[in-house]
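These notes concern the structure reproduced below.
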Amino acid sequence: MGVWRDKVEVADVNGAVAATLYLGDAYAVMPALIAAGALQRAETACVTDPPYEFNTSGGGAFRKERPNMDAIEAAGLNRGFDISILDEPSLDGPGGAIADPQAWAASAVVFCHDNQGPAVWAALRARYRRAVACFWHKTNPQPLANKHYKADLELYFHAWDAGAHPVGALTEKTRVWRGSVGKSAFSHPTVKPLGLMAKIMTNVSARMIVDPFMGSGTTGVAAVRAGKRFVGVETDAEHFETAKKRLADGVLWQAPRTDVKAPGADEPATTGEQEALF
Ligand SMILES: C[S@@+](CC[C@H](N)C(=O)[O-])C[C@H]1O[C@@H](n2cnc3c(N)ncnc32)[C@H](O)[C@@H]1O
């Protein structure tokens, strides 16, 4: 198509496509996929961890102890994202008027920094029938607070339309997930814990998960392990390669499978995860 620099399909053990990964700019790739009819709205959820928007200079005297902030700044992961990534490309209504934004997925899970919270919340409420705030409670935040709170909470919103509401057993329908932050094993500064993304998969009804800001592919690994199809976009070639490798391993762990011998080495349980951010 020329919109992306690379496209890779990852097959499951039966040869069916489990994941499609695009190397390119999500603001160009997503409209192309939508125009090509690649996404069925009712069966699709956008689950994404976009670039945050926050000040990386915080931390006062402790700032020098936070080299992860330098990596985040260098990668531009503190500069936010354009919420229109959730939308069908055409916003023109009858007579050229701007129509209400129409999301391409029937539900969305979007991570964000506190600073982005009000804008992302308003955008989701404008597009979806219901939305709730959920949290990752970090059990081992960096021991610093300066003139702020400890960085022990990270926010995400889950929004949905009728028919795409949260699912799962009552014990899985928690709005708080507790887990530690770790050191990245994937040369990416903001890798989400696989356990957190697996929990989110238990709450998302959609069979197709799309992440326009895929990073190292954690959302994709959780999606294919949960037996869902995954589409991911990443602009950074190194992270794209990481995601390719992780998804190739991830399909071997698709549940439930009794016909597949488990690979020898799973991803580490407590490493490869996002370090303390804010
Ligand atoms: C917060 S990180 C996602 C981390 C991911 N959840 C993980 O566990 O690895 C956001 C990612 O979006 C990518 N990104 C930023 N702008 C992009 C764009 N316009 N198109 C595609 N990817 C983009 C960045 O390179 C980064 O890897």
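Here, A, B, ... name the chains of the structure tokens in the order displayed, residue numbers run from 1 inside each chain, and ligands are numbered from 1 in the same displayed order.
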
Set out as JSON lines a contact list for chain A and ligand 1 with a cut-off of 7 Å, giving each residue of chain A that qualifies its closest atom pair and distance in Å to one decimal, counting only C-alpha atoms and all ligand atoms, ordered by chain and rising residue number.
{"residue": "A:Gly24", "atom": "CA", "partner": "ligand 1", "partner_atom_place_in_ligand_line": "21 (C)", "distance": 5.9}
{"residue": "A:Asp25", "atom": "CA", "partner": "ligand 1", "partner_atom_place_in_ligand_line": "20 (N)", "distance": 3.7}
{"residue": "A:Ala26", "atom": "CA", "partner": "ligand 1", "partner_atom_place_in_ligand_line": "20 (N)", "distance": 3.7}
{"residue": "A:Tyr27", "atom": "CA", "partner": "ligand 1", "partner_atom_place_in_ligand_line": "19 (N)", "distance": 5.7}
{"residue": "A:Thr48", "atom": "CA", "partner": "ligand 1", "partner_atom_place_in_ligand_line": "6 (N)", "distance": 6.7}
{"residue": "A:Asp49", "atom": "CA", "partner": "ligand 1", "partner_atom_place_in_ligand_line": "6 (N)", "distance": 4.8}
{"residue": "A:Pro50", "atom": "CA", "partner": "ligand 1", "partner_atom_place_in_ligand_line": "10 (C)", "distance": 4.7}
{"residue": "A:Pro51", "atom": "CA", "partner": "ligand 1", "partner_atom_place_in_ligand_line": "1 (C)", "distance": 4.7}
{"residue": "A:Tyr52", "atom": "CA", "partner": "ligand 1", "partner_atom_place_in_ligand_line": "1 (C)", "distance": 6.6}
{"residue": "A:Ala75", "atom": "CA", "partner": "ligand 1", "partner_atom_place_in_ligand_line": "25 (O)", "distance": 6.8}
{"residue": "A:Leu77", "atom": "CA", "partner": "ligand 1", "partner_atom_place_in_ligand_line": "1 (C)", "distance": 6.4}
{"residue": "A:His188", "atom": "CA", "partner": "ligand 1", "partner_atom_place_in_ligand_line": "9 (O)", "distance": 6.5}
{"residue": "A:Thr190", "atom": "CA", "partner": "ligand 1", "partner_atom_place_in_ligand_line": "4 (C)", "distance": 5.2}
{"residue": "A:Val191", "atom": "CA", "partner": "ligand 1", "partner_atom_place_in_ligand_line": "8 (O)", "distance": 3.4}
{"residue": "A:Lys192", "atom": "CA", "partner": "ligand 1", "partner_atom_place_in_ligand_line": "8 (O)", "distance": 4.0}
{"residue": "A:Pro193", "atom": "CA", "partner": "ligand 1", "partner_atom_place_in_ligand_line": "8 (O)", "distance": 7.0}
{"residue": "A:Pro212", "atom": "CA", "partner": "ligand 1", "partner_atom_place_in_ligand_line": "21 (C)", "distance": 5.9}
{"residue": "A:Phe213", "atom": "CA", "partner": "ligand 1", "partner_atom_place_in_ligand_line": "12 (O)", "distance": 3.8}
{"residue": "A:Met214", "atom": "CA", "partner": "ligand 1", "partner_atom_place_in_ligand_line": "5 (C)", "distance": 5.3}
{"residue": "A:Gly215", "atom": "CA", "partner": "ligand 1", "partner_atom_place_in_ligand_line": "27 (O)", "distance": 3.3}
{"residue": "A:Ser216", "atom": "CA", "partner": "ligand 1", "partner_atom_place_in_ligand_line": "9 (O)", "distance": 3.6}
{"residue": "A:Gly217", "atom": "CA", "partner": "ligand 1", "partner_atom_place_in_ligand_line": "9 (O)", "distance": 5.1}
{"residue": "A:Thr218", "atom": "CA", "partner": "ligand 1", "partner_atom_place_in_ligand_line": "8 (O)", "distance": 4.3}
{"residue": "A:Thr219", "atom": "CA", "partner": "ligand 1", "partner_atom_place_in_ligand_line": "6 (N)", "distance": 6.2}
{"residue": "A:Val233", "atom": "CA", "partner": "ligand 1", "partner_atom_place_in_ligand_line": "21 (C)", "distance": 5.3}
{"residue": "A:Glu234", "atom": "CA", "partner": "ligand 1", "partner_atom_place_in_ligand_line": "22 (N)", "distance": 3.8}
{"residue": "A:Thr235", "atom": "CA", "partner": "ligand 1", "partner_atom_place_in_ligand_line": "21 (C)", "distance": 4.1}
{"residue": "A:Asp236", "atom": "CA", "partner": "ligand 1", "partner_atom_place_in_ligand_line": "25 (O)", "distance": 5.0}
{"residue": "A:His239", "atom": "CA", "partner": "ligand 1", "partner_atom_place_in_ligand_line": "27 (O)", "distance": 6.2}

For the selection you just gave me, I'd like the residues written to a file as a short mmCIF file (atom, residue, chain, number, x, y, z; two decimals), in the first residue's frame, keeping C-alpha atoms.
data_model
loop_
_atom_site.label_atom_id
_atom_site.label_comp_id
_atom_site.auth_asym_id
_atom_site.auth_seq_id
_atom_site.Cartn_x
_atom_site.Cartn_y
_atom_site.Cartn_z
CA GLY A 24 4.76 3.04 10.13
CA ASP A 25 3.02 6.16 11.34
CA ALA A 26 -0.28 5.26 12.99
CA TYR A 27 -1.84 8.53 11.78
CA THR A 48 -3.56 1.33 23.44
CA ASP A 49 -0.85 2.89 25.52
CA PRO A 50 -0.09 6.06 23.55
CA PRO A 51 2.73 8.53 24.17
CA TYR A 52 2.10 10.25 27.48
CA ALA A 75 11.89 8.93 22.23
CA LEU A 77 7.12 9.64 24.65
CA HIS A 188 11.82 0.14 25.40
CA THR A 190 7.61 2.10 28.88
CA VAL A 191 6.84 -1.62 28.56
CA LYS A 192 3.56 -2.44 30.32
CA PRO A 193 3.40 -5.53 32.57
CA PRO A 212 -1.96 1.99 17.05
CA PHE A 213 0.99 2.61 19.44
CA MET A 214 2.22 -0.94 19.86
CA GLY A 215 5.71 -0.31 21.30
CA SER A 216 7.33 -3.63 22.18
CA GLY A 217 4.03 -5.46 21.60
CA THR A 218 2.83 -6.26 25.15
CA THR A 219 -0.82 -5.66 24.23
CA VAL A 233 1.28 -0.27 14.50
CA GLU A 234 4.69 1.00 15.59
CA THR A 235 6.79 3.76 14.09
CA ASP A 236 10.14 2.76 15.58
CA HIS A 239 10.52 -1.68 18.74
#

Show me, as a count of residues only, the residues that have an atom within 12 Å of Lys245 of chain A when counting only C-alpha atoms, minus same-chain residues fewer than 4 positions from it. 20

Suppose you want the space between atom CA of Asp152 of chain A and atom CA of Val110 of chain A; what is it in Å?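 Computing the Euclidean distance for atom CA of Asp152 of chain A and atom CA of Val110 of chain A yields 18.2 Å.
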
Spatial neighbours of segment 166-181 of chain A, 12 Å, only C-alpha atoms, chain gap at least 3 places, as JSON, numbers by chain: {"A": [45, 106, 107, 108, 109, 130, 131, 132, 133, 134, 135, 136, 137, 138, 139, 140, 141, 142, 151, 152, 153, 154, 155, 156, 157, 158, 159, 160, 161, 162, 163, 184, 189, 190, 191, 192, 193, 194, 195, 196, 197, 198, 199, 200, 201, 202, 203, 204, 205, 206, 269, 270, 271, 272, 273, 274, 275, 276, 277, 278]}

Residues from last step as file, C-alpha atoms, as a PDB file, in the first residue's frame:
ATOM      1  CA  ALA A  45     -11.462  -2.896  20.519  1.00  0.00           C
ATOM      2  CA  ALA A 106     -16.889  -0.440  19.576  1.00  0.00           C
ATOM      3  CA  SER A 107     -14.794  -0.139  22.732  1.00  0.00           C
ATOM      4  CA  ALA A 108     -11.498   1.413  23.750  1.00  0.00           C
ATOM      5  CA  VAL A 109      -8.956   1.051  26.527  1.00  0.00           C
ATOM      6  CA  ARG A 130     -20.076   4.534  28.943  1.00  0.00           C
ATOM      7  CA  ALA A 131     -16.574   5.034  30.285  1.00  0.00           C
ATOM      8  CA  VAL A 132     -14.822   4.301  33.575  1.00  0.00           C
ATOM      9  CA  ALA A 133     -11.440   5.106  35.068  1.00  0.00           C
ATOM     10  CA  CYS A 134      -9.273   2.117  36.030  1.00  0.00           C
ATOM     11  CA  PHE A 135      -5.846   1.988  37.633  1.00  0.00           C
ATOM     12  CA  TRP A 136      -2.596   0.104  37.772  1.00  0.00           C
ATOM     13  CA  HIS A 137      -1.507   0.289  41.421  1.00  0.00           C
ATOM     14  CA  LYS A 138       2.279   0.017  41.365  1.00  0.00           C
ATOM     15  CA  THR A 139       3.353  -1.884  44.430  1.00  0.00           C
ATOM     16  CA  ASN A 140       7.014  -0.832  44.265  1.00  0.00           C
ATOM     17  CA  PRO A 141       7.077   2.804  43.077  1.00  0.00           C
ATOM     18  CA  GLN A 142      10.309   4.729  43.205  1.00  0.00           C
ATOM     19  CA  ALA A 151       4.293   7.510  41.453  1.00  0.00           C
ATOM     20  CA  ASP A 152       2.233   4.541  42.571  1.00  0.00           C
ATOM     21  CA  LEU A 153      -0.801   4.860  40.322  1.00  0.00           C
ATOM     22  CA  GLU A 154      -1.267   4.810  36.577  1.00  0.00           C
ATOM     23  CA  LEU A 155      -4.560   5.610  34.918  1.00  0.00           C
ATOM     24  CA  TYR A 156      -6.416   4.003  32.052  1.00  0.00           C
ATOM     25  CA  PHE A 157      -9.951   4.463  30.777  1.00  0.00           C
ATOM     26  CA  HIS A 158     -12.212   1.729  29.453  1.00  0.00           C
ATOM     27  CA  ALA A 159     -15.031   3.059  27.234  1.00  0.00           C
ATOM     28  CA  TRP A 160     -17.665   1.103  25.349  1.00  0.00           C
ATOM     29  CA  ASP A 161     -20.816   1.185  23.289  1.00  0.00           C
ATOM     30  CA  ALA A 162     -23.878  -0.979  23.793  1.00  0.00           C
ATOM     31  CA  GLY A 163     -22.994  -4.602  23.196  1.00  0.00           C
ATOM     32  CA  SER A 184      12.771  -3.111  30.711  1.00  0.00           C
ATOM     33  CA  PRO A 189      11.322   2.620  28.239  1.00  0.00           C
ATOM     34  CA  THR A 190       7.607   2.097  28.884  1.00  0.00           C
ATOM     35  CA  VAL A 191       6.840  -1.619  28.555  1.00  0.00           C
ATOM     36  CA  LYS A 192       3.560  -2.436  30.321  1.00  0.00           C
ATOM     37  CA  PRO A 193       3.398  -5.532  32.573  1.00  0.00           C
ATOM     38  CA  LEU A 194       2.065  -8.525  30.687  1.00  0.00           C
ATOM     39  CA  GLY A 195      -0.111  -9.371  33.719  1.00  0.00           C
ATOM     40  CA  LEU A 196      -1.835  -5.988  33.505  1.00  0.00           C
ATOM     41  CA  MET A 197      -2.552  -6.383  29.797  1.00  0.00           C
ATOM     42  CA  ALA A 198      -3.743  -9.970  30.352  1.00  0.00           C
ATOM     43  CA  LYS A 199      -6.179  -8.696  32.994  1.00  0.00           C
ATOM     44  CA  ILE A 200      -7.470  -6.104  30.518  1.00  0.00           C
ATOM     45  CA  MET A 201      -8.007  -8.839  27.913  1.00  0.00           C
ATOM     46  CA  THR A 202     -10.326 -10.630  30.357  1.00  0.00           C
ATOM     47  CA  ASN A 203     -12.483  -7.472  30.445  1.00  0.00           C
ATOM     48  CA  VAL A 204     -12.616  -6.720  26.704  1.00  0.00           C
ATOM     49  CA  SER A 205     -15.259  -8.591  24.752  1.00  0.00           C
ATOM     50  CA  ALA A 206     -13.881  -7.873  21.268  1.00  0.00           C
ATOM     51  CA  ALA A 269       7.705 -12.519  35.234  1.00  0.00           C
ATOM     52  CA  THR A 270       9.187  -9.524  36.991  1.00  0.00           C
ATOM     53  CA  THR A 271      11.400  -7.932  34.356  1.00  0.00           C
ATOM     54  CA  GLY A 272      10.678  -6.511  30.955  1.00  0.00           C
ATOM     55  CA  GLU A 273       8.221  -4.100  32.446  1.00  0.00           C
ATOM     56  CA  GLN A 274       7.813  -0.398  32.689  1.00  0.00           C
ATOM     57  CA  GLU A 275       9.922   1.441  35.211  1.00  0.00           C
ATOM     58  CA  ALA A 276       8.430   4.100  37.464  1.00  0.00           C
ATOM     59  CA  LEU A 277       7.237   7.063  35.428  1.00  0.00           C
ATOM     60  CA  PHE A 278       5.098   9.485  37.373  1.00  0.00           C
TER      61      PHE A 278
END

Residue set, segment 41-216 of chain A restricted to helix (DSSP H, G or I), as number ranges by chain: A: 41-43, 60-65, 67-74, 83-86, 94-96, 114-127, 170-172, 194-203

If you run DSSP on the backbone, which residues of segment 41-249 of chain A are strand (DSSP E), as a PyMOL selection string? chain A and resi 44-48+107-112+130-138+153-160+176-179+208-211+229-234

Selected residues written out, N, CA and C atoms, as a short mmCIF file (atom, residue, chain, number, x, y, z; two decimals), in the first residue's frame:
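Saved result, again.cif, follows:
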data_model
loop_
_atom_site.label_atom_id
_atom_site.label_comp_id
_atom_site.auth_asym_id
_atom_site.auth_seq_id
_atom_site.Cartn_x
_atom_site.Cartn_y
_atom_site.Cartn_z
N THR A 44 -14.28 -5.09 17.22
CA THR A 44 -12.95 -4.52 17.41
C THR A 44 -12.88 -3.66 18.67
N ALA A 45 -11.78 -3.79 19.40
CA ALA A 45 -11.46 -2.90 20.52
C ALA A 45 -10.11 -2.25 20.25
N CYS A 46 -10.04 -0.95 20.52
CA CYS A 46 -8.75 -0.26 20.50
C CYS A 46 -8.18 -0.33 21.91
N VAL A 47 -7.08 -1.02 22.07
CA VAL A 47 -6.42 -1.10 23.39
C VAL A 47 -5.04 -0.52 23.20
N THR A 48 -4.81 0.65 23.78
CA THR A 48 -3.56 1.33 23.44
C THR A 48 -2.97 2.11 24.61
N SER A 107 -15.25 -0.45 21.38
CA SER A 107 -14.79 -0.14 22.73
C SER A 107 -13.33 0.28 22.66
N ALA A 108 -12.89 0.93 23.73
CA ALA A 108 -11.50 1.41 23.75
C ALA A 108 -10.95 1.38 25.17
N VAL A 109 -9.71 0.96 25.27
CA VAL A 109 -8.96 1.05 26.53
C VAL A 109 -7.76 1.93 26.23
N VAL A 110 -7.66 3.07 26.93
CA VAL A 110 -6.60 4.04 26.63
C VAL A 110 -5.87 4.41 27.93
N PHE A 111 -4.59 4.17 27.95
CA PHE A 111 -3.76 4.61 29.08
C PHE A 111 -3.45 6.09 28.92
N CYS A 112 -3.28 6.79 30.04
CA CYS A 112 -2.83 8.18 29.92
C CYS A 112 -2.27 8.68 31.25
N ARG A 130 -20.52 4.60 27.55
CA ARG A 130 -20.08 4.53 28.94
C ARG A 130 -18.55 4.57 28.99
N ALA A 131 -18.03 5.06 30.09
CA ALA A 131 -16.57 5.03 30.29
C ALA A 131 -16.28 5.01 31.78
N VAL A 132 -15.24 4.31 32.17
CA VAL A 132 -14.82 4.30 33.57
C VAL A 132 -13.30 4.49 33.65
N ALA A 133 -12.88 5.00 34.80
CA ALA A 133 -11.44 5.11 35.07
C ALA A 133 -10.99 3.85 35.80
N CYS A 134 -9.87 3.29 35.38
CA CYS A 134 -9.27 2.12 36.03
C CYS A 134 -7.81 2.44 36.33
N PHE A 135 -7.19 1.63 37.18
CA PHE A 135 -5.85 1.99 37.63
C PHE A 135 -4.93 0.78 37.74
N TRP A 136 -3.68 1.03 37.44
CA TRP A 136 -2.60 0.10 37.77
C TRP A 136 -1.97 0.64 39.05
N HIS A 137 -2.14 -0.09 40.16
CA HIS A 137 -1.51 0.29 41.42
C HIS A 137 -0.12 -0.35 41.46
N LYS A 138 0.90 0.50 41.39
CA LYS A 138 2.28 0.02 41.37
C LYS A 138 2.73 -0.25 42.79
N LEU A 153 0.48 5.10 40.98
CA LEU A 153 -0.80 4.86 40.32
C LEU A 153 -0.72 5.28 38.86
N GLU A 154 -1.19 4.44 37.99
CA GLU A 154 -1.27 4.81 36.58
C GLU A 154 -2.69 4.58 36.09
N LEU A 155 -3.15 5.53 35.32
CA LEU A 155 -4.56 5.61 34.92
C LEU A 155 -4.80 5.02 33.54
N TYR A 156 -5.91 4.29 33.39
CA TYR A 156 -6.42 4.00 32.05
C TYR A 156 -7.93 4.08 32.06
N PHE A 157 -8.49 4.42 30.91
CA PHE A 157 -9.95 4.46 30.78
C PHE A 157 -10.41 3.29 29.92
N HIS A 158 -11.56 2.74 30.29
CA HIS A 158 -12.21 1.73 29.45
C HIS A 158 -13.56 2.33 29.05
N ALA A 159 -13.79 2.47 27.75
CA ALA A 159 -15.03 3.06 27.23
C ALA A 159 -15.67 2.09 26.26
N TRP A 160 -17.01 2.09 26.22
CA TRP A 160 -17.66 1.10 25.35
C TRP A 160 -19.03 1.58 24.89
N VAL A 176 -8.95 -1.95 39.64
CA VAL A 176 -7.56 -1.75 40.07
C VAL A 176 -6.81 -3.05 39.86
N TRP A 177 -5.64 -2.95 39.24
CA TRP A 177 -4.74 -4.11 39.12
C TRP A 177 -3.46 -3.77 39.88
N ARG A 178 -3.06 -4.68 40.75
CA ARG A 178 -1.86 -4.42 41.54
C ARG A 178 -0.68 -5.21 40.98
N GLY A 179 0.42 -4.55 40.79
CA GLY A 179 1.60 -5.23 40.28
C GLY A 179 2.79 -4.30 40.31
N MET A 208 -11.13 -8.82 18.13
CA MET A 208 -10.00 -8.16 17.44
C MET A 208 -9.49 -7.00 18.29
N ILE A 209 -8.20 -7.01 18.59
CA ILE A 209 -7.59 -5.95 19.40
C ILE A 209 -6.64 -5.16 18.50
N VAL A 210 -6.80 -3.83 18.51
CA VAL A 210 -5.94 -2.98 17.67
C VAL A 210 -5.20 -1.99 18.57
N ASP A 211 -3.88 -1.94 18.40
CA ASP A 211 -3.06 -1.00 19.17
C ASP A 211 -2.25 -0.14 18.20
N ARG A 229 -7.47 -11.89 17.88
CA ARG A 229 -6.65 -11.41 16.76
C ARG A 229 -6.07 -10.06 17.14
N PHE A 230 -4.87 -9.76 16.64
CA PHE A 230 -4.23 -8.51 17.01
C PHE A 230 -3.71 -7.77 15.78
N VAL A 231 -3.91 -6.47 15.78
CA VAL A 231 -3.31 -5.59 14.77
C VAL A 231 -2.56 -4.50 15.52
N GLY A 232 -1.28 -4.34 15.20
CA GLY A 232 -0.48 -3.34 15.89
C GLY A 232 0.30 -2.47 14.92
N VAL A 233 0.50 -1.21 15.31
CA VAL A 233 1.28 -0.27 14.50
C VAL A 233 2.38 0.32 15.38
N GLU A 234 3.57 0.40 14.85
CA GLU A 234 4.69 1.00 15.59
C GLU A 234 5.58 1.74 14.60
#

As a check of understanding: the span from atom CA of Asp82 of chain A to atom CA of Ala105 of chain A is 16.2 Å

Å distance separating atom CA of Ala28 of chain A from atom CA of Arg207 of chain A, one decimal place: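 Here the two named atoms are 23.7 Å from each other.
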
Show me, as number ranges by chain, the residues that have an atom within 12 Å of Ala36 of chain A when counting only C-alpha atoms, minus same-chain residues fewer than 4 positions from it. A: 1, 29-32, 40, 88-89
